[in-house]
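Asks: Just one file: data37.cif, with mmCIF, C-alpha atoms and all ligand atoms.
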```
data_coords
loop_
_atom_site.label_atom_id
_atom_site.label_comp_id
_atom_site.auth_asym_id
_atom_site.auth_seq_id
_atom_site.Cartn_x
_atom_site.Cartn_y
_atom_site.Cartn_z
CA MET A 1 20.52 -22.01 12.82
CA GLU A 2 18.86 -24.87 14.73
CA MET A 3 16.65 -22.34 16.52
CA THR A 4 15.54 -20.87 13.18
CA LYS A 5 14.67 -24.32 11.92
CA ASN A 6 12.55 -25.06 15.00
CA TYR A 7 10.64 -21.85 14.53
CA THR A 8 10.19 -22.71 10.86
CA ASP A 9 8.76 -26.09 11.75
CA SER A 10 6.43 -24.67 14.37
CA GLN A 11 5.28 -21.86 12.06
CA ASP A 12 4.59 -24.31 9.25
CA ALA A 13 2.63 -26.49 11.63
CA GLU A 14 0.69 -23.46 12.85
CA ALA A 15 -0.05 -22.30 9.31
CA GLN A 16 -1.21 -25.80 8.41
CA GLU A 17 -3.49 -25.91 11.45
CA GLU A 18 -5.38 -22.83 10.36
CA LEU A 19 -7.02 -24.41 7.32
CA LEU A 20 -8.58 -22.00 4.90
CA GLN A 21 -12.28 -22.30 4.22
CA ASP A 22 -14.46 -20.60 1.60
CA SER A 23 -15.77 -18.32 4.37
CA ASP A 24 -12.23 -16.85 4.76
CA CYS A 25 -12.68 -15.06 1.41
CA CYS A 26 -14.16 -11.54 1.74
CA GLY A 27 -15.95 -11.84 -1.62
CA ASN A 28 -14.53 -8.48 -2.81
CA GLY A 29 -12.86 -10.11 -5.81
CA CYS A 30 -9.30 -9.35 -4.63
CA THR A 31 -6.72 -10.05 -7.34
CA HIS A 32 -4.78 -11.96 -4.70
CA CYS A 33 -7.50 -13.86 -2.85
CA ILE A 34 -6.61 -15.26 0.56
CA LEU A 35 -7.75 -18.71 -0.65
CA ASP A 36 -4.89 -18.79 -3.19
CA ASN A 37 -2.43 -16.79 -1.08
CA LYS A 38 -2.44 -18.35 2.32
CA PRO A 39 -0.56 -16.18 4.87
CA ARG A 40 2.89 -17.78 5.35
CA PRO A 41 6.10 -16.86 7.15
CA SER A 42 8.37 -14.76 4.89
CA ASN A 43 12.13 -15.17 4.55
CA ARG A 44 12.62 -12.10 6.73
CA VAL A 45 10.66 -13.70 9.55
CA LEU A 46 12.43 -17.03 9.12
CA LEU A 47 15.82 -15.30 9.24
CA ALA A 48 14.81 -13.43 12.39
CA GLY A 49 13.80 -16.77 13.94
CA LYS A 50 10.56 -15.23 15.21
CA ARG A 51 6.84 -15.78 14.72
CA ASN A 52 4.77 -13.36 12.60
CA VAL A 53 1.90 -12.36 14.93
CA ILE A 54 -0.54 -11.72 12.09
CA LEU A 55 -0.45 -15.16 10.44
CA SER A 56 -3.75 -16.05 12.10
CA TYR A 57 -6.45 -13.60 13.27
CA THR A 58 -4.92 -11.45 15.99
CA LYS A 59 -6.16 -8.47 17.96
CA PHE A 60 -4.69 -5.05 17.27
CA ARG A 61 -5.44 -1.94 19.30
CA LEU A 62 -6.29 1.32 17.56
CA LEU A 63 -3.54 3.68 18.77
CA ARG A 64 -4.45 6.71 16.71
CA ARG A 65 -7.23 7.89 14.42
CA ASP A 66 -6.86 10.97 12.19
CA SER A 67 -9.52 12.27 9.87
CA LEU A 68 -8.25 13.74 6.59
CA GLY A 69 -11.73 15.02 5.67
CA GLY A 70 -13.85 13.74 2.81
CA GLN A 71 -14.51 10.44 4.61
CA VAL A 72 -10.82 9.53 4.64
CA LEU A 73 -9.20 8.23 7.83
CA LEU A 74 -5.65 7.36 8.87
CA LEU A 75 -5.75 4.46 11.33
CA HIS A 76 -2.68 3.39 13.33
CA PHE A 77 -2.80 -0.03 15.01
CA GLY A 78 -0.51 -1.79 17.49
CA HIS A 79 -0.49 -5.47 18.38
CA ALA A 80 -2.55 -6.04 21.52
CA ALA A 81 -0.17 -8.20 23.54
CA GLU A 82 -1.48 -10.92 25.86
CA GLU A 83 -0.26 -10.79 29.50
CA GLU A 84 2.47 -13.36 28.84
CA GLU A 85 3.71 -11.36 25.84
CA LYS A 86 3.80 -8.16 27.90
CA VAL A 87 6.20 -9.83 30.33
CA GLU A 88 8.32 -11.05 27.40
CA ALA A 89 8.41 -7.49 26.01
CA GLU A 90 9.55 -6.12 29.38
CA THR A 91 12.29 -8.75 29.70
CA GLY A 92 13.36 -8.52 26.05
CA THR A 93 12.52 -12.18 25.36
CA GLU A 94 9.75 -11.59 22.82
CA ASP A 95 9.57 -14.13 20.05
CA THR A 96 7.15 -12.33 17.75
CA VAL A 97 7.37 -9.68 15.02
CA LEU A 98 4.94 -8.13 12.54
CA ASP A 99 5.83 -8.74 8.92
CA ILE A 100 3.67 -7.21 6.18
CA PRO A 101 5.87 -7.16 3.04
CA PRO A 102 5.40 -4.33 0.49
CA GLY A 103 2.54 -5.05 -1.90
CA HIS A 104 0.68 -7.29 0.55
CA HIS A 105 -2.65 -6.62 2.24
CA VAL A 106 -4.30 -7.79 5.47
CA MET A 107 -7.84 -8.94 6.18
CA MET A 108 -9.87 -7.11 8.82
CA ARG A 109 -12.55 -9.15 10.60
CA VAL A 110 -15.46 -7.73 12.57
CA GLY A 111 -17.79 -10.58 13.54
CA SER A 112 -18.34 -12.40 10.25
CA LEU A 113 -17.60 -9.31 8.15
CA LEU A 114 -14.28 -9.46 6.27
CA ARG A 115 -12.64 -6.66 4.28
CA PRO A 116 -9.07 -6.33 2.92
CA TYR A 117 -6.89 -3.26 3.67
CA SER A 118 -3.40 -2.41 2.44
CA PRO A 119 -0.99 -0.98 5.04
CA TYR A 120 1.14 1.97 3.92
CA TRP A 121 3.53 1.63 6.86
CA SER A 122 4.42 -1.14 9.30
CA ASP A 123 7.03 -1.68 11.99
CA PHE A 124 8.55 -5.15 12.23
CA LEU A 125 9.64 -5.00 15.88
CA ALA A 126 7.07 -2.58 17.38
CA LYS A 127 4.32 -4.66 15.67
CA GLU A 128 2.41 -1.62 14.50
CA PHE A 129 0.89 -0.70 11.13
CA ARG A 130 -1.13 2.06 9.52
CA ILE A 131 -3.86 2.07 6.89
CA LEU A 132 -5.57 4.82 4.92
CA VAL A 133 -9.31 4.18 4.72
CA LYS A 134 -11.90 5.76 2.47
CA LEU A 135 -15.32 5.22 3.98
CA GLN A 136 -17.90 4.05 1.43
CA ARG A 137 -21.45 5.34 1.78
CA GLY A 138 -23.70 2.55 3.09
CA GLY A 139 -20.80 0.08 3.32
CA PRO A 140 -20.99 -2.26 6.32
CA MET A 141 -17.29 -2.02 7.29
CA SER A 142 -17.31 1.74 6.65
CA ARG A 143 -20.18 2.11 9.13
CA HIS A 144 -18.08 0.29 11.69
CA LEU A 145 -14.84 2.18 10.99
CA ALA A 146 -16.62 5.55 11.08
CA VAL A 147 -17.08 5.13 14.83
CA VAL A 148 -13.91 3.30 15.93
CA ARG A 149 -11.99 5.16 18.61
CA PRO A 150 -8.47 4.83 20.09
CA ASN A 151 -8.18 1.78 22.35
CA ASP A 152 -10.78 -0.22 20.38
CA LEU A 153 -9.62 -3.70 19.42
CA LEU A 154 -9.89 -5.04 15.86
CA GLU A 155 -8.80 -8.36 14.37
CA PHE A 156 -6.47 -8.75 11.40
CA ARG A 157 -4.85 -11.59 9.51
CA GLY A 158 -2.30 -11.71 6.70
CA PRO A 159 -0.08 -10.93 4.94
CA ILE A 160 -1.82 -11.71 1.65
CA GLY A 161 -0.18 -11.15 -1.72
CA GLN A 162 2.46 -12.35 -4.13
CA TYR A 163 4.67 -9.38 -5.00
CA LEU A 164 8.35 -10.01 -4.41
CA HIS A 165 11.08 -7.54 -5.39
CA ASP A 166 14.58 -8.72 -6.24
CA PRO A 167 16.93 -5.78 -5.49
CA THR A 168 19.87 -7.42 -7.27
CA GLU A 169 18.31 -6.92 -10.72
CA ALA A 170 18.10 -3.26 -11.89
CA LYS A 171 14.65 -2.72 -13.37
CA CYS A 172 12.38 0.09 -14.60
CA ILE A 173 9.42 -0.06 -12.22
CA TYR A 174 6.24 1.81 -13.08
CA ILE A 175 3.87 2.25 -10.13
CA LEU A 176 0.42 3.57 -11.00
CA ALA A 177 -1.87 4.63 -8.16
CA GLN A 178 -5.45 5.85 -8.06
CA GLY A 179 -6.85 7.95 -5.19
CA VAL A 180 -6.45 6.41 -1.72
CA ALA A 181 -4.82 3.37 -3.31
CA ILE A 182 -1.61 5.40 -3.34
CA ALA A 183 -1.18 4.09 0.24
CA PRO A 184 0.03 0.54 -0.55
CA THR A 185 2.43 1.90 -3.18
CA LEU A 186 4.51 3.80 -0.58
CA PRO A 187 6.22 0.70 0.90
CA LEU A 188 7.04 -0.43 -2.65
CA VAL A 189 8.81 2.87 -3.33
CA ARG A 190 10.58 2.95 0.05
CA GLN A 191 11.81 -0.62 -0.46
CA VAL A 192 13.81 0.48 -3.53
CA LEU A 193 14.93 3.93 -2.33
CA GLU A 194 16.07 2.78 1.10
CA ASN A 195 18.43 0.22 -0.41
CA GLU A 196 21.47 2.08 -1.76
CA GLU A 197 22.53 -0.96 -3.73
CA ASP A 198 19.23 -1.22 -5.56
CA MET A 199 19.76 0.34 -9.00
CA SER A 200 16.13 0.08 -10.10
CA ARG A 201 14.41 3.24 -11.32
CA LEU A 202 10.90 4.18 -10.31
CA TRP A 203 8.16 6.10 -12.08
CA HIS A 204 5.32 6.88 -9.69
CA LEU A 205 2.24 8.03 -11.62
CA VAL A 206 -0.42 9.26 -9.23
CA CYS A 207 -4.02 9.81 -10.34
CA ALA A 208 -6.30 11.96 -8.17
CA ARG A 209 -9.22 14.34 -8.72
CA ASP A 210 -7.14 17.40 -7.81
CA LEU A 211 -4.21 18.46 -5.61
CA GLN A 212 -6.38 18.36 -2.49
CA HIS A 213 -6.95 14.65 -3.06
CA VAL A 214 -3.27 13.76 -3.42
CA TYR A 215 -2.50 11.89 -0.21
CA PHE A 216 1.03 11.65 1.22
CA ARG A 217 2.20 14.66 -0.83
CA GLU A 218 5.02 15.41 1.65
CA GLU A 219 6.30 11.87 1.37
CA LEU A 220 6.28 12.07 -2.44
CA LEU A 221 8.37 15.25 -2.20
CA GLU A 222 10.85 13.41 0.04
CA PHE A 223 11.09 10.59 -2.50
CA ALA A 224 11.84 13.18 -5.21
CA HIS A 225 15.29 13.78 -3.65
CA PHE A 226 16.42 10.35 -4.89
CA TRP A 227 18.15 10.06 -8.28
CA ASN A 228 16.10 7.01 -9.27
CA TYR A 229 12.60 8.37 -8.49
CA ARG A 230 10.30 10.37 -10.78
CA SER A 231 6.66 11.16 -10.17
CA CYS A 232 3.86 12.80 -12.07
CA LEU A 233 0.43 13.77 -10.77
CA TYR A 234 -2.61 13.43 -13.05
CA LEU A 235 -5.32 15.85 -11.87
CA PRO A 236 -8.20 16.11 -14.35
CA HIS A 237 -10.47 18.09 -11.98
CA GLN A 238 -7.97 20.63 -10.65
CA GLN A 239 -9.76 24.00 -10.66
CA CYS A 240 -8.65 27.37 -9.28
CA GLU A 241 -10.76 30.46 -8.65
CA SER A 242 -9.79 32.29 -11.88
CA ALA A 243 -12.65 33.11 -14.25
CA ALA A 244 -10.99 31.25 -17.15
CA CYS A 245 -10.52 28.01 -15.19
CA GLN A 246 -14.01 28.24 -13.65
CA GLU A 247 -15.47 28.58 -17.13
CA ALA A 248 -13.39 25.71 -18.53
CA GLY A 249 -14.30 23.51 -15.53
CA HIS A 250 -10.63 22.81 -14.77
CA CYS A 251 -7.26 24.56 -14.77
CA ASP A 252 -5.29 24.88 -17.94
CA GLN A 253 -1.88 23.18 -18.03
CA GLU A 254 -0.26 26.66 -18.00
CA CYS A 255 -2.54 28.13 -15.30
CA PRO A 256 -0.37 30.48 -13.13
CA ASN A 257 -2.36 29.62 -9.96
CA LEU A 258 -1.71 25.97 -10.54
CA ARG A 259 2.00 26.61 -11.11
CA ARG A 260 2.12 28.48 -7.77
CA SER A 261 0.40 25.55 -6.00
CA LEU A 262 3.00 23.07 -7.18
CA ARG A 263 6.09 22.55 -5.05
CA TYR A 264 9.71 22.15 -6.09
CA ARG A 265 10.14 19.05 -8.29
CA GLU A 266 6.39 18.43 -8.44
CA THR A 267 5.07 17.69 -11.93
CA ALA A 268 1.36 17.66 -12.72
CA LYS A 269 -0.81 17.12 -15.78
CA MET A 270 -4.36 18.43 -15.95
CA SER A 271 -5.67 15.31 -17.61
CA ARG A 272 -6.48 11.69 -16.97
CA LEU A 273 -3.65 9.22 -17.36
CA ASP A 274 -4.16 7.31 -20.59
CA ALA A 275 -2.13 5.29 -23.10
CA SER A 276 -0.51 8.35 -24.66
CA GLY A 277 0.34 9.78 -21.21
CA LEU A 278 1.93 6.47 -20.24
CA ALA A 279 3.99 6.44 -23.44
CA THR A 280 5.68 9.72 -22.41
CA HIS A 281 7.34 7.82 -19.53
CA ALA A 282 8.61 4.92 -21.68
CA ASN A 283 12.29 6.09 -21.81
CA PRO A 284 13.38 3.38 -24.26
CA SER A 285 17.06 4.39 -23.90
CA ILE A 286 17.10 3.20 -20.26
CA PRO A 287 17.88 -0.52 -20.18
CA GLY A 288 16.30 -3.06 -17.83
CA LYS A 289 13.22 -5.20 -17.44
CA ARG A 290 9.95 -3.25 -17.29
CA VAL A 291 7.71 -3.99 -14.30
CA LEU A 292 4.23 -2.53 -13.82
CA ILE A 293 2.39 -2.32 -10.50
CA VAL A 294 -1.16 -0.95 -10.45
CA ALA A 295 -3.08 0.02 -7.30
CA GLY A 296 -6.68 1.15 -7.65
CA ASP A 297 -10.15 -0.20 -8.30
CA SER A 298 -10.56 -3.16 -10.66
CA ASN A 299 -11.56 -0.95 -13.61
CA PHE A 300 -8.45 1.24 -13.21
CA GLN A 301 -6.23 -1.83 -12.83
CA ARG A 302 -7.62 -3.46 -15.97
CA THR A 303 -7.44 -0.33 -18.15
CA MET A 304 -3.96 0.66 -17.03
CA ALA A 305 -2.54 -2.84 -17.38
CA GLN A 306 -3.88 -3.11 -20.95
CA SER A 307 -2.54 0.33 -21.92
CA ALA A 308 0.88 -0.16 -20.31
CA ILE A 309 1.55 -3.44 -22.06
CA HIS A 310 1.64 -1.42 -25.33
CA SER A 311 2.67 2.06 -24.19
CA LEU A 312 5.49 0.98 -21.86
CA ALA A 313 6.35 -2.34 -23.53
CA VAL A 314 5.74 -4.25 -20.30
CA ASP A 315 5.63 -8.02 -20.60
CA PRO A 316 2.22 -9.16 -19.19
CA ALA A 317 4.17 -11.60 -16.98
CA HIS A 318 5.64 -8.57 -15.17
CA VAL A 319 2.34 -6.84 -14.39
CA TYR A 320 1.24 -6.86 -10.73
CA LEU A 321 -2.24 -5.74 -9.70
CA LEU A 322 -2.40 -5.01 -5.96
C1 LIG B 401 -6.80 -5.99 -2.03
C2 LIG B 401 -7.66 -4.84 -1.51
C3 LIG B 401 -7.08 -3.89 -0.69
C4 LIG B 401 -7.86 -2.82 -0.20
N1 LIG B 401 -7.26 -1.86 0.56
C5 LIG B 401 -7.99 -0.81 1.00
C6 LIG B 401 -7.37 0.24 1.77
O1 LIG B 401 -6.17 0.19 2.10
N2 LIG B 401 -8.15 1.28 2.14
C7 LIG B 401 -9.50 1.34 1.81
O2 LIG B 401 -10.16 2.32 2.18
N3 LIG B 401 -10.09 0.36 1.12
C8 LIG B 401 -9.39 -0.70 0.72
N4 LIG B 401 -10.00 -1.69 0.01
C9 LIG B 401 -11.47 -1.66 -0.08
C10 LIG B 401 -12.03 -2.20 1.27
O3 LIG B 401 -11.72 -3.58 1.41
C11 LIG B 401 -13.56 -2.09 1.42
O4 LIG B 401 -14.18 -2.54 0.27
C12 LIG B 401 -13.98 -0.65 1.71
O5 LIG B 401 -13.42 -0.21 2.95
C13 LIG B 401 -15.50 -0.55 1.83
O6 LIG B 401 -15.98 -1.55 2.71
P1 LIG B 401 -17.51 -1.53 3.14
O7 LIG B 401 -17.82 -2.83 3.81
O8 LIG B 401 -17.79 -0.30 3.89
O9 LIG B 401 -18.30 -1.39 1.78
P2 LIG B 401 -18.42 -2.47 0.62
O10 LIG B 401 -19.59 -3.35 0.91
O11 LIG B 401 -17.11 -3.15 0.37
O12 LIG B 401 -18.70 -1.49 -0.57
C14 LIG B 401 -19.78 -0.55 -0.55
C15 LIG B 401 -19.90 0.10 -1.90
O13 LIG B 401 -18.73 0.87 -2.19
C16 LIG B 401 -18.08 0.41 -3.37
N5 LIG B 401 -16.64 0.46 -3.12
C17 LIG B 401 -15.93 -0.29 -2.24
N6 LIG B 401 -14.63 0.05 -2.28
C18 LIG B 401 -14.53 1.03 -3.20
C19 LIG B 401 -13.45 1.80 -3.70
N7 LIG B 401 -12.19 1.62 -3.25
N8 LIG B 401 -13.71 2.74 -4.65
C20 LIG B 401 -14.97 2.92 -5.10
N9 LIG B 401 -16.03 2.24 -4.67
C21 LIG B 401 -15.82 1.29 -3.74
C22 LIG B 401 -18.56 -1.01 -3.55
O14 LIG B 401 -18.50 -1.40 -4.93
C23 LIG B 401 -19.97 -0.93 -3.05
O15 LIG B 401 -20.85 -0.43 -4.03
C24 LIG B 401 -9.24 -2.74 -0.52
C25 LIG B 401 -9.82 -3.70 -1.35
C26 LIG B 401 -9.04 -4.72 -1.87
C27 LIG B 401 -9.70 -5.71 -2.80
#
```
Would you mind writing the file out in C-alpha cells?
Ligand SMILES: Cc1cc2nc3c(=O)[nH]c(=O)nc-3n(C[C@H](O)[C@H](O)[C@H](O)COP(=O)(O)OP(=O)(O)OC[C@H]3O[C@@H](n4cnc5c(N)ncnc54)[C@H](O)[C@@H]3O)c2cc1C

Replies:
Amino acid sequence: MEMTKNYTDSQDAEAQEELLQDSDCCGNGCTHCILDNKPRPSNRVLLAGKRNVILSYTKFRLLRRDSLGGQVLLLHFGHAAEEEEKVEAETGTEDTVLDIPPGHHVMMRVGSLLRPYSPYWSDFLAKEFRILVKLQRGGPMSRHLAVVRPNDLLEFRGPIGQYLHDPTEAKCIYILAQGVAIAPTLPLVRQVLENEEDMSRLWHLVCARDLQHVYFREELLEFAHFWNYRSCLYLPHQQCESAACQEAGHCDQECPNLRRSLRYRETAKMSRLDASGLATHANPSIPGKRVLIVAGDSNFQRTMAQSAIHSLAVDPAHVYLL
C-alpha cells in the first residue's frame, strides 16, 4: 500500500512538472483537447503501483506496418526502452506499464507537428499498441507516416480522454462508428464483453462505404458470439456486378450477391444510418440507462448525437464523442 502511495506521489509530481502549454494542442479541434484533459495516472496504474510510460512524450518503435490498401495502414508500436529499462525488463524489476484506457487517444509528435490517434489495441505489460491510420492527401503527418518503416522511432503522449465505463451498472450502450474510426470503438466493446459480470448490452452500428471498407470484420464476427452484442453495417455504396445493381448504383437490400457476401450473424443495410435507422435499435422494452458513443469526423458526431437523443431517447449527458 505504502509503495503504491509513493508511486502516486511521484507520478503526480511528474505530471505536474510537465505543464501544458497552448502549443501542446494539435489544433484539430478534438472533442477532448489535451489542454482540458491532461494525461494522468489511471486507477489501474495506481493499483499496479507502476508508472505509465506514455504520460509524457516517450519514444515508441514501429514493430510492424501493414498496408490495407486505399491509403489505410495498421501500425504496431512498442515502447523503446532505455538501457536501464532493458536491464530491469531482463531482471523482472520493471516499474513501468502502458495504460491507454478504452475511449482515449494519444498524441503523436514529429518535430513540432502534433496529431491525435486512437489505439484499437494496447498491451499493459508489453507496452505495445496499434493504430489504424487513413492517410490524408496532402496532409503533413500523412506524408510522414506514408514512409515510416519498422524500427523507426516515433514519439507519443497520452492518454487523453474522459470516457469511463462503470461495469456494475447494466446499461444499453450504442456505439456508432464511421469508416476507420471503428478502430477506437473496439476496446470499448471488448471492455464490456470480456467482463462476464458486466450485464450491459451493446449495439455496434458501423457505417462504411461498402463491405470492402468495413475494417476489423473478423473481430466483429467474434463479438457476435456474445449474448449482449448486436451489430449492423450501413453500406450505402455497396455494389455488385449484376446489371440491376450496376444500373441502380448500389445493391438492393434483397440482392442475392449481397446476401452471399454476408457471413453468419452479419446484418447489413444498404443505406446511410439516419434517425429512422437509429430508431429501429431503440428496444424500449429493455431497461437500463442509454449511453451513446460516437466515433467519426465532427460532422458525423454532431449529426448522430442530435438524431440519437430523439431516436434512442439518450440523455445528452450520456453522449460521448470520441
Ligand atoms: C481525437 C482524434 C483521434 C483521431 N484518431 C485517428 C486515428 O486513429 N486514425 C487516423 O487515421 N486518424 C485519426 N485522427 C485524424 C488524425 O489526427 C489526422 O488528422 C490525420 O492522420 C491526418 O493528418 P495529416 O497531418 O496528414 O493531415 P491534416 O492536416 O490533419 O488534414 C489534411 C486534410 O484532411 C482532412 N482530414 C483529416 N482527417 C480526416 C478524416 N478522418 N476524415 C476526412 N478528412 C480528414 C482535413 O480536414 C484536411 O483537409 C484523429 C483525430 C482526432 C481529432

Asks: Find the spatial neighbours of Asn52 (chain A), counting only C-alpha atoms, within a cut-off of 8 Å - ignore same-chain residues fewer than 3 positions away - and output them as a list in words.

Replies: Pro41, Val45, Leu55, Thr96, Val97, Leu98 and Asp99 of chain A

Asks: Can you list every residue of chain A that has an atom at most 7 Å from ligand LIG 401 (chain B), with its nearest atom pair and the distance in Å to one decimal, using only C-alpha atoms and all ligand atoms, ordered by chain then number, as a Markdown table?

Replies:
```
| residue | atom | partner | partner_atom | distance |
| --- | --- | --- | --- | --- |
| A:Asn28 | CA | B:LIG401 | C27 | 5.6 |
| A:Gly29 | CA | B:LIG401 | C27 | 6.2 |
| A:Cys30 | CA | B:LIG401 | C27 | 4.1 |
| A:Thr31 | CA | B:LIG401 | C1 | 6.7 |
| A:His32 | CA | B:LIG401 | C1 | 6.8 |
| A:His105 | CA | B:LIG401 | C3 | 6.0 |
| A:Arg115 | CA | B:LIG401 | O3 | 4.3 |
| A:Pro116 | CA | B:LIG401 | O3 | 4.1 |
| A:Tyr117 | CA | B:LIG401 | N1 | 3.4 |
| A:Ser118 | CA | B:LIG401 | O1 | 3.8 |
| A:Pro119 | CA | B:LIG401 | O1 | 6.1 |
| A:Ile131 | CA | B:LIG401 | O1 | 5.6 |
| A:Leu132 | CA | B:LIG401 | N2 | 5.2 |
| A:Val133 | CA | B:LIG401 | O2 | 3.3 |
| A:Lys134 | CA | B:LIG401 | O2 | 3.9 |
| A:Leu135 | CA | B:LIG401 | O5 | 5.8 |
| A:Gln136 | CA | B:LIG401 | O13 | 4.9 |
| A:Arg137 | CA | B:LIG401 | C14 | 6.6 |
| A:Gly138 | CA | B:LIG401 | C14 | 6.2 |
| A:Gly139 | CA | B:LIG401 | O8 | 3.1 |
| A:Pro140 | CA | B:LIG401 | O7 | 4.1 |
| A:Met141 | CA | B:LIG401 | O7 | 3.6 |
| A:Ser142 | CA | B:LIG401 | O8 | 3.5 |
| A:Arg143 | CA | B:LIG401 | O8 | 6.2 |
| A:Val180 | CA | B:LIG401 | N2 | 6.6 |
| A:Ala181 | CA | B:LIG401 | O1 | 6.4 |
| A:Ala183 | CA | B:LIG401 | O1 | 6.6 |
| A:Pro184 | CA | B:LIG401 | O1 | 6.8 |
| A:Asp297 | CA | B:LIG401 | N7 | 5.7 |
| A:Leu322 | CA | B:LIG401 | C1 | 6.0 |
```

Asks: So which residues touch Glu218 (chain A) within 10 Å, counting only C-alpha atoms, skipping near sequence neighbours fewer than 5 positions away, as a list in words?

Replies: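 Skipping anything fewer than 5 positions along the chain leaves Phe223, Ala224 and Arg263 of chain A.
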
Asks: CA of Ala313 (chain A) and CA of Tyr234 (chain A) are how many Å apart?

Replies: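 For CA of Ala313 (chain A) relative to CA of Tyr234 (chain A), the distance reads 20.9 Å.
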
Asks: Choose the residue, out of A:Pro102, A:Ile173, A:Arg149, A:Gly78, that has the smallest atom-to-atom separation from Arg130 (chain A); count all atoms listed in the file.

Replies: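 Ranked by minimum distance to Arg130 (chain A), first place goes to A:Gly78.
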
Asks: Produce the centre coordinates and the three edge lengths, each in Å to one decimal, of the box along x, y and z that contains all listed atoms of region 145-162 of chain A with 8 Å added on each side, as lines of an AutoDock Vina configuration file.

Replies:
```
center_x = -7.3
center_y = -3.4
center_z = 9.1
size_x = 35.5
size_y = 33.9
size_z = 42.5
```

Asks: What does the distance from CA of His165 (chain A) to CA of Arg290 (chain A) come to in Å, to one decimal?

Replies: 12.7 Å

Asks: Expressed in Å to a single decimal, how great is the separation between CA of Ala146 (chain A) and CA of Phe129 (chain A)?

Replies: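 Between CA of Ala146 (chain A) and CA of Phe129 (chain A) the gap works out to 18.6 Å.
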
Asks: Excluding same-chain residues fewer than 6 positions from Leu220 (chain A), what lies within 10 Å of it counting only C-alpha atoms, as a VMD selection string?

Replies: chain A and resid 186 189 204 206 214 229 to 232 265 to 266
